[in-house]
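Peer 1: I have a structure here, written as C-alpha coordinates, and I will follow up with some questions on it.
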Amino acid sequence: MVAGGASDTGGVKPMAIAGRMVRERERLIGMTPDERAWRKQWLKDQELHHGPRKVAALERELNNPIKRFYRFPLDKVCSILTPALGFQRAFTVRYWTGKALIALTGIYAGAYYFKYNQNDWTRKGGWRVISSRKACVPGDEGYPKVSDRSAPSDYAARGFKESPL
(Lines give C-alpha, C1' and ligand atoms only; values in the text may rest on other atoms or scores of the structure.)
Protein backbone atom coordinates (compact mmCIF):
# COMPACT_ATOMS: atom_id res chain seq x y z
CA MET A 1 0.00 0.00 0.00
CA VAL A 2 1.26 3.46 -0.86
CA ALA A 3 1.30 6.25 1.74
CA GLY A 4 -1.88 8.29 1.85
CA GLY A 5 -4.17 5.33 1.13
CA ALA A 6 -3.73 5.41 -2.67
CA SER A 7 -3.07 2.12 -4.41
CA ASP A 8 -0.27 1.34 -6.85
CA THR A 9 -2.77 0.47 -9.58
CA GLY A 10 -5.02 3.51 -9.25
CA GLY A 11 -8.00 1.50 -7.98
CA VAL A 12 -7.85 -1.14 -10.75
CA LYS A 13 -7.25 -4.71 -9.68
CA PRO A 14 -3.82 -5.90 -10.79
CA MET A 15 -3.70 -8.61 -13.40
CA ALA A 16 -0.97 -11.23 -13.65
CA ILE A 17 0.08 -11.58 -17.28
CA ALA A 18 2.31 -14.56 -16.52
CA GLY A 19 -0.69 -16.79 -16.00
CA ARG A 20 -0.49 -20.04 -14.07
CA MET A 21 2.88 -20.87 -15.68
CA VAL A 22 4.67 -18.40 -13.43
CA ARG A 23 4.96 -21.12 -10.79
CA GLU A 24 7.41 -23.94 -11.43
CA ARG A 25 5.09 -26.62 -10.07
CA GLU A 26 2.41 -25.69 -12.57
CA ARG A 27 4.92 -26.03 -15.40
CA LEU A 28 6.11 -29.43 -14.11
CA ILE A 29 2.56 -30.82 -14.05
CA GLY A 30 2.46 -30.50 -17.79
CA MET A 31 2.07 -27.92 -20.50
CA THR A 32 0.24 -28.07 -23.79
CA PRO A 33 2.09 -27.04 -26.99
CA ASP A 34 0.13 -23.76 -26.99
CA GLU A 35 1.17 -23.07 -23.40
CA ARG A 36 4.79 -23.88 -24.28
CA ALA A 37 4.70 -21.46 -27.23
CA TRP A 38 3.05 -18.80 -25.05
CA ARG A 39 5.63 -19.32 -22.28
CA LYS A 40 8.52 -19.14 -24.79
CA GLN A 41 7.16 -15.87 -26.21
CA TRP A 42 6.54 -14.48 -22.73
CA LEU A 43 10.14 -15.21 -21.67
CA LYS A 44 11.44 -13.64 -24.87
CA ASP A 45 9.34 -10.53 -24.20
CA GLN A 46 10.95 -10.17 -20.74
CA GLU A 47 14.42 -9.68 -22.23
CA LEU A 48 15.52 -6.07 -22.33
CA HIS A 49 17.44 -4.70 -25.26
CA HIS A 50 20.96 -3.77 -24.21
CA GLY A 51 22.39 -0.52 -25.42
CA PRO A 52 20.85 2.77 -26.39
CA ARG A 53 18.14 2.95 -29.01
CA LYS A 54 17.61 6.08 -31.03
CA VAL A 55 14.01 6.75 -31.91
CA ALA A 56 13.85 9.54 -34.48
CA ALA A 57 10.40 10.75 -33.44
CA LEU A 58 11.46 10.89 -29.79
CA GLU A 59 14.64 12.80 -30.68
CA ARG A 60 12.56 15.36 -32.60
CA GLU A 61 10.17 15.68 -29.67
CA LEU A 62 12.86 16.13 -27.00
CA ASN A 63 15.26 18.36 -28.97
CA ASN A 64 14.04 21.62 -30.43
CA PRO A 65 15.17 22.69 -33.93
CA ILE A 66 17.91 25.01 -32.64
CA LYS A 67 19.43 22.25 -30.50
CA ARG A 68 19.25 19.78 -33.39
CA PHE A 69 20.95 22.37 -35.65
CA TYR A 70 23.98 22.98 -33.43
CA ARG A 71 24.31 19.30 -32.47
CA PHE A 72 24.20 18.11 -36.10
CA PRO A 73 27.94 18.36 -36.97
CA LEU A 74 29.16 16.36 -33.97
CA ASP A 75 26.25 13.90 -34.27
CA LYS A 76 27.36 13.29 -37.86
CA VAL A 77 30.96 12.72 -36.70
CA CYS A 78 29.66 10.29 -34.06
CA SER A 79 27.62 8.34 -36.62
CA ILE A 80 30.66 8.10 -38.93
CA LEU A 81 32.94 6.90 -36.12
CA THR A 82 30.46 4.41 -34.62
CA PRO A 83 31.17 1.51 -37.05
CA ALA A 84 34.93 1.81 -36.47
CA LEU A 85 35.05 2.57 -32.73
CA GLY A 86 31.73 1.35 -31.37
CA PHE A 87 28.99 3.61 -30.03
CA GLN A 88 30.46 4.26 -26.58
CA ARG A 89 33.90 5.34 -27.82
CA ALA A 90 32.44 7.37 -30.69
CA PHE A 91 30.09 9.13 -28.25
CA THR A 92 33.04 9.84 -25.91
CA VAL A 93 34.99 11.38 -28.82
CA ARG A 94 31.91 13.43 -29.75
CA TYR A 95 31.40 14.60 -26.15
CA TRP A 96 35.00 15.68 -25.49
CA THR A 97 35.38 17.26 -28.95
CA GLY A 98 32.40 19.49 -28.18
CA LYS A 99 33.79 20.45 -24.78
CA ALA A 100 37.24 21.20 -26.28
CA LEU A 101 35.69 23.38 -29.00
CA ILE A 102 33.69 25.34 -26.41
CA ALA A 103 36.82 25.86 -24.27
CA LEU A 104 38.88 26.91 -27.31
CA THR A 105 36.18 29.36 -28.39
CA GLY A 106 36.16 30.86 -24.90
CA ILE A 107 39.95 31.24 -24.89
CA TYR A 108 39.96 32.89 -28.32
CA ALA A 109 37.06 35.19 -27.38
CA GLY A 110 38.86 36.23 -24.19
CA ALA A 111 42.14 36.85 -26.02
CA TYR A 112 40.36 38.91 -28.68
CA TYR A 113 38.52 40.95 -26.09
CA PHE A 114 41.65 41.72 -24.07
CA LYS A 115 43.65 42.54 -27.19
CA TYR A 116 41.15 44.87 -28.87
CA ASN A 117 39.20 46.34 -25.92
CA GLN A 118 41.90 47.70 -23.67
CA ASN A 119 41.26 50.67 -21.46
CA ASP A 120 43.32 53.58 -22.75
CA TRP A 121 42.96 57.34 -23.05
CA THR A 122 40.64 57.06 -26.11
CA ARG A 123 37.86 55.16 -24.38
CA LYS A 124 36.04 54.95 -21.08
CA GLY A 125 35.36 51.22 -20.93
CA GLY A 126 37.40 48.08 -21.32
CA TRP A 127 39.72 46.17 -19.05
CA ARG A 128 42.52 48.17 -17.53
CA VAL A 129 45.69 46.15 -17.19
CA ILE A 130 48.18 47.58 -14.71
CA SER A 131 51.59 46.06 -14.17
CA SER A 132 53.48 46.50 -10.95
CA ARG A 133 56.94 47.99 -10.97
CA LYS A 134 59.89 45.67 -10.85
CA ALA A 135 61.23 44.83 -7.42
CA CYS A 136 64.55 46.42 -6.61
CA VAL A 137 66.32 45.06 -3.53
CA PRO A 138 69.72 45.86 -2.00
CA GLY A 139 72.43 44.45 -4.21
CA ASP A 140 70.50 45.04 -7.47
CA GLU A 141 71.77 47.51 -10.04
CA GLY A 142 70.09 50.90 -9.65
CA TYR A 143 69.16 50.41 -5.98
CA PRO A 144 67.29 52.36 -4.55
CA LYS A 145 65.02 52.72 -7.59
CA VAL A 146 62.01 54.68 -6.40
CA SER A 147 59.96 54.90 -9.61
CA ASP A 148 60.32 54.63 -13.36
CA ARG A 149 58.06 57.66 -13.82
CA SER A 150 60.00 60.88 -14.06
CA ALA A 151 57.28 63.54 -14.27
CA PRO A 152 53.87 63.90 -12.64
CA SER A 153 52.29 63.69 -16.11
CA ASP A 154 53.55 60.09 -16.38
CA TYR A 155 51.03 58.97 -13.77
CA ALA A 156 47.60 57.87 -15.04
CA ALA A 157 48.60 58.62 -18.66
CA ARG A 158 46.74 55.52 -19.90
CA GLY A 159 48.91 55.31 -23.02
CA PHE A 160 48.54 58.96 -24.09
CA LYS A 161 52.27 59.62 -24.38
CA GLU A 162 52.74 56.56 -26.64
CA SER A 163 50.00 57.78 -29.00
CA PRO A 164 51.11 58.64 -32.57
CA LEU A 165 48.93 61.79 -32.51
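Letters A, B, ... mark the chains of the C-alpha coordinates in the order given; residue numbers begin at 1 per chain; ligand numbers begin at 1, in order shown.
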I want to know what sits within 12 Å of region 38-53 of chain A, based on only C-alpha atoms, with residues of the same chain fewer than 5 positions away left out; could you give that as a ChimeraX atom specification?
Peer 2: /A:17-24,27,31-33,58-59,86-88,91
Peer 1: Using only all heavy atoms, please write the residues we just selected to a file, as a short mmCIF file (atom, residue, chain, number, x, y, z; two decimals), in the first residue's frame.
Peer 2:
data_model
loop_
_atom_site.label_atom_id
_atom_site.label_comp_id
_atom_site.auth_asym_id
_atom_site.auth_seq_id
_atom_site.Cartn_x
_atom_site.Cartn_y
_atom_site.Cartn_z
N ILE A 17 0.02 -11.19 -15.87
CA ILE A 17 0.08 -11.58 -17.28
C ILE A 17 0.86 -12.88 -17.47
O ILE A 17 0.88 -13.45 -18.54
CB ILE A 17 0.69 -10.46 -18.14
CG1 ILE A 17 2.12 -10.15 -17.69
CG2 ILE A 17 -0.15 -9.21 -18.11
CD1 ILE A 17 2.88 -9.26 -18.63
N ALA A 18 1.53 -13.33 -16.41
CA ALA A 18 2.31 -14.56 -16.52
C ALA A 18 1.43 -15.79 -16.51
O ALA A 18 1.85 -16.86 -16.94
CB ALA A 18 3.33 -14.63 -15.38
N GLY A 19 0.22 -15.63 -16.04
CA GLY A 19 -0.69 -16.79 -16.00
C GLY A 19 -0.27 -17.80 -14.94
O GLY A 19 0.49 -17.50 -14.04
N ARG A 20 -0.81 -19.02 -15.07
CA ARG A 20 -0.49 -20.04 -14.07
C ARG A 20 0.91 -20.60 -14.25
O ARG A 20 1.45 -21.24 -13.37
CB ARG A 20 -1.52 -21.18 -14.10
CG ARG A 20 -1.46 -22.06 -15.31
CD ARG A 20 -2.53 -23.16 -15.24
NE ARG A 20 -2.38 -24.08 -16.34
CZ ARG A 20 -1.63 -25.18 -16.31
NH1 ARG A 20 -0.98 -25.49 -15.22
NH2 ARG A 20 -1.55 -25.97 -17.36
N MET A 21 1.55 -20.33 -15.38
CA MET A 21 2.88 -20.87 -15.68
C MET A 21 4.00 -20.14 -14.95
O MET A 21 5.16 -20.48 -15.11
CB MET A 21 3.14 -20.84 -17.18
CG MET A 21 2.21 -21.69 -17.97
SD MET A 21 2.32 -23.40 -17.44
CE MET A 21 0.70 -23.97 -17.84
N VAL A 22 3.65 -19.12 -14.17
CA VAL A 22 4.67 -18.40 -13.43
C VAL A 22 5.28 -19.27 -12.34
O VAL A 22 6.43 -19.11 -11.97
CB VAL A 22 4.10 -17.07 -12.86
CG1 VAL A 22 3.19 -17.33 -11.69
CG2 VAL A 22 5.22 -16.13 -12.47
N ARG A 23 4.49 -20.22 -11.84
CA ARG A 23 4.96 -21.12 -10.79
C ARG A 23 5.56 -22.37 -11.41
O ARG A 23 4.99 -22.99 -12.31
CB ARG A 23 3.80 -21.47 -9.86
CG ARG A 23 3.33 -20.28 -9.04
CD ARG A 23 2.20 -20.64 -8.11
NE ARG A 23 0.97 -21.02 -8.82
CZ ARG A 23 0.09 -20.16 -9.31
NH1 ARG A 23 0.30 -18.87 -9.16
NH2 ARG A 23 -0.97 -20.57 -9.93
N GLU A 24 6.69 -22.79 -10.87
CA GLU A 24 7.41 -23.94 -11.43
C GLU A 24 6.60 -25.22 -11.31
O GLU A 24 6.60 -26.05 -12.22
CB GLU A 24 8.76 -24.09 -10.71
CG GLU A 24 9.67 -25.11 -11.35
CD GLU A 24 11.03 -25.17 -10.68
OE1 GLU A 24 11.25 -24.47 -9.68
OE2 GLU A 24 11.87 -25.92 -11.20
N ARG A 27 4.25 -25.66 -14.15
CA ARG A 27 4.92 -26.03 -15.40
C ARG A 27 5.32 -27.51 -15.38
O ARG A 27 5.31 -28.18 -16.41
CB ARG A 27 6.16 -25.16 -15.61
CG ARG A 27 5.81 -23.70 -15.88
CD ARG A 27 6.98 -22.92 -16.42
NE ARG A 27 8.16 -22.92 -15.56
CZ ARG A 27 8.38 -22.07 -14.58
NH1 ARG A 27 7.49 -21.13 -14.31
NH2 ARG A 27 9.48 -22.15 -13.87
N MET A 31 2.45 -29.08 -19.72
CA MET A 31 2.07 -27.92 -20.50
C MET A 31 1.67 -28.39 -21.89
O MET A 31 2.29 -29.28 -22.46
CB MET A 31 3.24 -26.93 -20.61
CG MET A 31 3.64 -26.31 -19.29
SD MET A 31 5.19 -25.37 -19.30
CE MET A 31 5.03 -24.27 -20.63
N THR A 32 0.66 -27.77 -22.43
CA THR A 32 0.24 -28.07 -23.79
C THR A 32 1.19 -27.35 -24.74
O THR A 32 1.90 -26.42 -24.35
CB THR A 32 -1.20 -27.57 -24.04
OG1 THR A 32 -1.20 -26.15 -23.96
CG2 THR A 32 -2.18 -28.16 -23.06
N PRO A 33 1.23 -27.74 -26.02
CA PRO A 33 2.09 -27.04 -26.99
C PRO A 33 1.77 -25.54 -27.08
O PRO A 33 2.67 -24.72 -27.23
CB PRO A 33 1.82 -27.75 -28.31
CG PRO A 33 1.40 -29.12 -27.91
CD PRO A 33 0.66 -28.96 -26.61
N LEU A 58 11.19 10.46 -31.16
CA LEU A 58 11.46 10.89 -29.79
C LEU A 58 12.55 11.95 -29.77
O LEU A 58 12.46 12.93 -29.01
CB LEU A 58 11.86 9.69 -28.93
CG LEU A 58 12.10 9.98 -27.46
CD1 LEU A 58 10.81 10.47 -26.80
CD2 LEU A 58 12.60 8.73 -26.76
N GLU A 59 13.57 11.80 -30.59
CA GLU A 59 14.64 12.80 -30.68
C GLU A 59 14.08 14.15 -31.13
O GLU A 59 14.44 15.20 -30.61
CB GLU A 59 15.73 12.36 -31.66
CG GLU A 59 16.56 11.19 -31.18
CD GLU A 59 17.46 11.55 -30.02
OE1 GLU A 59 18.01 12.67 -30.01
OE2 GLU A 59 17.61 10.71 -29.13
N GLY A 86 32.80 1.77 -32.26
CA GLY A 86 31.73 1.35 -31.37
C GLY A 86 31.04 2.59 -30.84
O GLY A 86 31.62 3.68 -30.80
N PHE A 87 29.78 2.44 -30.41
CA PHE A 87 28.99 3.61 -30.03
C PHE A 87 29.59 4.33 -28.83
O PHE A 87 29.67 5.56 -28.82
CB PHE A 87 27.54 3.22 -29.73
CG PHE A 87 26.72 4.40 -29.29
CD1 PHE A 87 26.27 5.32 -30.20
CD2 PHE A 87 26.43 4.59 -27.94
CE1 PHE A 87 25.54 6.42 -29.80
CE2 PHE A 87 25.70 5.68 -27.53
CZ PHE A 87 25.25 6.60 -28.47
N GLN A 88 29.99 3.60 -27.80
CA GLN A 88 30.46 4.26 -26.58
C GLN A 88 31.70 5.11 -26.82
O GLN A 88 31.77 6.25 -26.38
CB GLN A 88 30.73 3.21 -25.49
CG GLN A 88 30.97 3.81 -24.12
CD GLN A 88 29.78 4.60 -23.61
OE1 GLN A 88 28.65 4.18 -23.76
NE2 GLN A 88 30.03 5.76 -23.03
N PHE A 91 30.82 8.13 -29.03
CA PHE A 91 30.09 9.13 -28.25
C PHE A 91 31.06 9.89 -27.33
O PHE A 91 30.94 11.10 -27.16
CB PHE A 91 28.98 8.49 -27.43
CG PHE A 91 28.17 9.49 -26.67
CD1 PHE A 91 27.20 10.24 -27.31
CD2 PHE A 91 28.39 9.72 -25.32
CE1 PHE A 91 26.46 11.18 -26.63
CE2 PHE A 91 27.66 10.65 -24.63
CZ PHE A 91 26.69 11.38 -25.28
#
Peer 1: Do you know which residues are at most 12 Å from Arg71 (chain A) counting only C-alpha atoms, after dropping those on the same chain fewer than 5 positions away, and could you put them as a list in words?
Peer 2: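 Counting only the stated atoms, we get Glu59, Asn63, Asn64, Pro65, Ile66, Lys76, Val77, Cys78, Arg94, Tyr95, Thr97 and Gly98 of chain A.
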Peer 1: Take the residues from that selection and write them out as a short mmCIF file (atom, residue, chain, number, x, y, z; two decimals), in the first residue's frame, keeping N, CA and C atoms.
Peer 2:
data_model
loop_
_atom_site.label_atom_id
_atom_site.label_comp_id
_atom_site.auth_asym_id
_atom_site.auth_seq_id
_atom_site.Cartn_x
_atom_site.Cartn_y
_atom_site.Cartn_z
N GLU A 59 13.57 11.80 -30.59
CA GLU A 59 14.64 12.80 -30.68
C GLU A 59 14.08 14.15 -31.13
N ASN A 63 14.29 17.33 -28.58
CA ASN A 63 15.26 18.36 -28.97
C ASN A 63 14.62 19.34 -29.94
N ASN A 64 14.63 20.61 -29.56
CA ASN A 64 14.04 21.62 -30.43
C ASN A 64 14.92 21.84 -31.67
N PRO A 65 14.42 22.53 -32.68
CA PRO A 65 15.17 22.69 -33.93
C PRO A 65 16.53 23.37 -33.75
N ILE A 66 16.63 24.32 -32.84
CA ILE A 66 17.91 25.01 -32.64
C ILE A 66 18.93 24.03 -32.07
N LYS A 76 26.92 13.90 -36.60
CA LYS A 76 27.36 13.29 -37.86
C LYS A 76 28.72 12.62 -37.67
N VAL A 77 29.64 13.31 -36.98
CA VAL A 77 30.96 12.72 -36.70
C VAL A 77 30.79 11.44 -35.89
N CYS A 78 29.91 11.47 -34.90
CA CYS A 78 29.66 10.29 -34.06
C CYS A 78 29.12 9.13 -34.89
N ARG A 94 32.84 12.35 -29.44
CA ARG A 94 31.91 13.43 -29.75
C ARG A 94 31.77 14.37 -28.56
N TYR A 95 31.61 13.82 -27.36
CA TYR A 95 31.40 14.60 -26.15
C TYR A 95 32.60 15.50 -25.86
N THR A 97 35.11 16.32 -27.86
CA THR A 97 35.38 17.26 -28.95
C THR A 97 34.54 18.52 -28.77
N GLY A 98 33.27 18.33 -28.42
CA GLY A 98 32.40 19.49 -28.18
C GLY A 98 32.89 20.34 -27.03
#
Peer 1: Counting only C-alpha atoms, which of A:Ala100, A:Val55, A:Ala156, A:Ile29 gets nearest to Arg128 (chain A)?
Peer 2: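 Among the listed residues, A:Ala156 lies closest to Arg128 (chain A).
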Peer 1: When you look at Phe114 (chain A) with a cut-off of 10 Å (counting only C-alpha atoms), what residues show up, excluding the ones that are within fewer than 6 positions of it in the same chain? I need them as a PyMOL selection string.
Peer 2: chain A and resi 108+126-129
Peer 1: Determine which residues of region 65-139 of chain A DSSP labels as helix (DSSP H, G or I) from the backbone of this structure, then write them out as number ranges by chain.
Peer 2: A: 65-85, 87-116
